[in-house]
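Peer 1: Got a structure for you, questions after.
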Amino acid sequence: MLLSHGGESSRTAAAAVRWTVEQVLALAPDEASRKAGGGLASAGSWSGRGCDGSGAVWGLCTSGGGTPYRTVVDTTGPACRCGCPSRTFPCEHALALLLLWAGEGSGLPSGEAPDWAHDWLTDRRGRAAKGQKGTAGEAASAETRAAGPADPVAARRRAERRAERITGGAQELEQRLEDLLRGGLAVADQPGYGLWEETAARMVDAQAPGLAARVRELGAIPGSGPGWPVRLLEECALLHLLDRAWLGIDRLPEPLAATVRTRVGLTAAASGPPVRDHWLVLAQYDTPDGRLVTRRVWLSGRESGRLALLLSFGAAGRSPELALPVGVTIDAELAPYAGAGRLRSELKQRFGLPSPAATPPTGGTTAAAISAYGDALRDDPWLDSWPTTLCGVIPVPSGPDGWQLVDAEGEGALPVAPSALARPGLWKLVALSGGTPVTVFGECGHRGFDPLAAWSTALDADPGGAADPDGTPGSGAAAGTDKRTGPCISRAAEAGADSTDRRSGGRHDAAGGEADDVRDDGVAGLRSGNGGGADGGTVPEIVPLV
């Protein structure tokens with residue numbers, strides 16, 4: 001059960017970072033796995049359990065009554081192996097073992113791994129080390145192949161034939177949109193979803209999966225609630241714009257042309273210059289897309305200040321391979337893809353072990369977040385949202401069922417996106433805030449702000465806290481004001497500052513130790529157990545909201 005490709009890890013290396021309960025639960029592929037793993041996370045369900053300083057965790061699950069399942073996890077990858085027949089990754093046994101390891105005081109004794117676990121760990125880490133050593137050679141071979149393909153003429157002809165099919169599909173889609181508008185949007189719900197699915201299938205035949213996905217989204221709008229004809233018209237207009245952009249792609253500037261090619265479904269290699277940095281894992285969540293499950297992982301670079309998006313895909317019913325615990329920092333090299341914003345990147349190489357959580361990205365106001373999204377729309381009109389960090393905001397009720405994030409100074413607010421209203425993460429955010437300002441990372445779009453992670457201490461209230469369209473932090477004042485803790489700490493001063501949470505009476509001790517309790521809801525007492533920064537001070541704990 002491979003969760004992600006990790007770098008070489010040595011038994012003599014520094015001790016692996018111990019995860020929080022929330023970080024473990026964030027790896028679960030679904031709610032059923034979370035519940036099953038929680039039910040097995042007791043010492044009575046395991047025998048021969050243990051862990052070591054290299055990040056290995058192992059045990060025999062005896063809850064089934066039959067032959068115990070051998071379960072071993074390498075948290076440096078992370079990767080795992082279990083003898084159960086489950087098709088989910090990670091399975092409930094791996095999750096339960098990690099929950100025992102992550103709990104306060106740990107339910108796993110330290111020791112040496114048994115032979116069956118040691119053999120798998122040695123083999124996996126050896127293969128990972130060889131993969132790292134072979135990266136340079138593989139990259140050189142890839143460059144050679146890219147510089148001189150075996151048959152460039154045939155490759156060009158294949159690309160031209162696919163472009164012709166996409167053009168035919170775009171022209172057909174334009175005709176169908178005209179027919180829809182001619183008949184009137186008010187009756188668009190009468191034919192049912194079958195007509196939309198037929199049109200989407202035609203776009204798949206035209207090798208334009210991006211157009212097919214947008215058509216399926218159109219089919220879900222009719223009859224979806226009050227005001228659906230307006231929403232349908234808006235989406236039809238965006239689809240028409242994408243059609244016309246493809247049909248006139250030769251006249252577009254290259255950055256926009258690359259965005260259009262990506263939006264219609266053409267794939268390209270991550271061709272940008274590699275960026276090595278210490279990347280903080282901000283959020284990870286899955287979204288179903290027909291027969292695929294798409295996993296999105298947001299990262300923030302400590303030195304570069306860049307935001308990066310990693311995408312991983314899995315077949316329906318199986319979680320994608322890539323999995324990174326939220327809140328840890330990885331030393332890695334990323335290569336960005338072409339297109340507007342250049343946020344999407346590919347994880348190229350990792351160095352060493354993950355380190356404890358870092359400080360949150362530079363934050364800004366709600367007005368700065370809206371401005372950054374507007375700037376990004378100029379380069380990519382089909383962008384649903386843009387990543388940003390809000391500093392010093394308070395979640396408050398809005399209307400009978402809604403919520404909004406209000407600037408502590410009362411100058412602006414952002415509505416919480418409808419998709420987030422039904423998630424338990426919203427109540428974690430409300431409990432974490434307790435009516436005081438917090439720092440929140442999420443996606444700001446035309447539907448509102450979707451919170452993905454939060455910190456209990458509001459830092460870096462920088463009006464330019466949202467990412468610019470090039471993926472770097474926005475410009476603005478270096479520091480703002482936090483009503484709860486006084487001036488927000490700038491990054492320059494933060495390295496040597498004592499970031500004690502004054503609201504909780506100094507509960508974040510200077511050693512970064514664990515709090516008094518760890519609850520399943522992930523709000524009270526969440527501590528990484530190693531939250532000390534490089535200078536020995538504490539950093540705000542991250543709370544995943546998805």
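We name chains A, B, ... following the order of the structure tokens; residues begin at 1 in each chain, and ligands are numbered from 1 as shown.
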Write out as a compact mmCIF listing (two decimals) with N, CA, C and O atoms, in the first residue's frame the residues lying within 7 Å of Leu27 of chain A, counting only C-alpha atoms and excluding same-chain residues fewer than 4 positions away.
Peer 2:
# COMPACT_ATOMS: atom_id res chain seq x y z
N GLN A 23 -3.62 14.99 11.51
CA GLN A 23 -2.81 14.68 10.33
C GLN A 23 -3.03 13.24 9.88
O GLN A 23 -3.05 12.95 8.69
N ALA A 323 0.09 11.15 -0.98
CA ALA A 323 -0.50 11.54 0.30
C ALA A 323 0.59 12.17 1.14
O ALA A 323 1.64 11.56 1.37
N PRO A 325 1.09 14.30 4.87
CA PRO A 325 0.40 14.73 6.09
C PRO A 325 0.34 16.24 6.20
O PRO A 325 1.34 16.94 6.04
Peer 1: Compile the contact shell of Leu25 of chain A as JSON, numbers by chain: residues with an atom at most 8 Å away, counting only C-alpha atoms, same-chain residues fewer than 3 positions apart removed.
Peer 2: {"A": [21, 22, 28, 34, 95]}
Peer 1: Of the candidates A:Ala420, A:Leu307, A:Leu299, A:Ala315, which shows the shortest atom-to-atom distance to Ala357 of chain A, using only C-alpha atoms?
Peer 2: A:Leu299
Peer 1: With only C-alpha atoms as the atoms that count, which of A:Leu383, A:Ala213, A:Cys391, A:Met203 lies nearest to Gly169 of chain A?
Peer 2: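 The answer is A:Met203, which sits nearest to Gly169 of chain A.
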Peer 1: Based on the backbone DSSP call, show me all residues of segment 157-380 of chain A assigned strand (DSSP E or B), as a PyMOL selection string.
Peer 2: chain A and resi 275-289+292-301+307-315+329-336+344-355+363-364
Peer 1: Which one of A:Cys82, A:Leu40, A:Leu309, A:Ala258 sits closest to Ala338 of chain A if you count only C-alpha atoms?
Peer 2: A:Ala258
Peer 1: Considering only C-alpha atoms, can you say which of A:Pro255, A:Gly53, A:Gly265, A:Pro288 comes closest to Arg342 of chain A?
Peer 2: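 Smallest distance to Arg342 of chain A is found for A:Pro255.
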Peer 1: Report, in Å to a single decimal, how far apart atom CA of Tyr193 of chain A and atom CA of Leu211 of chain A are.
Peer 2: 16.4 Å
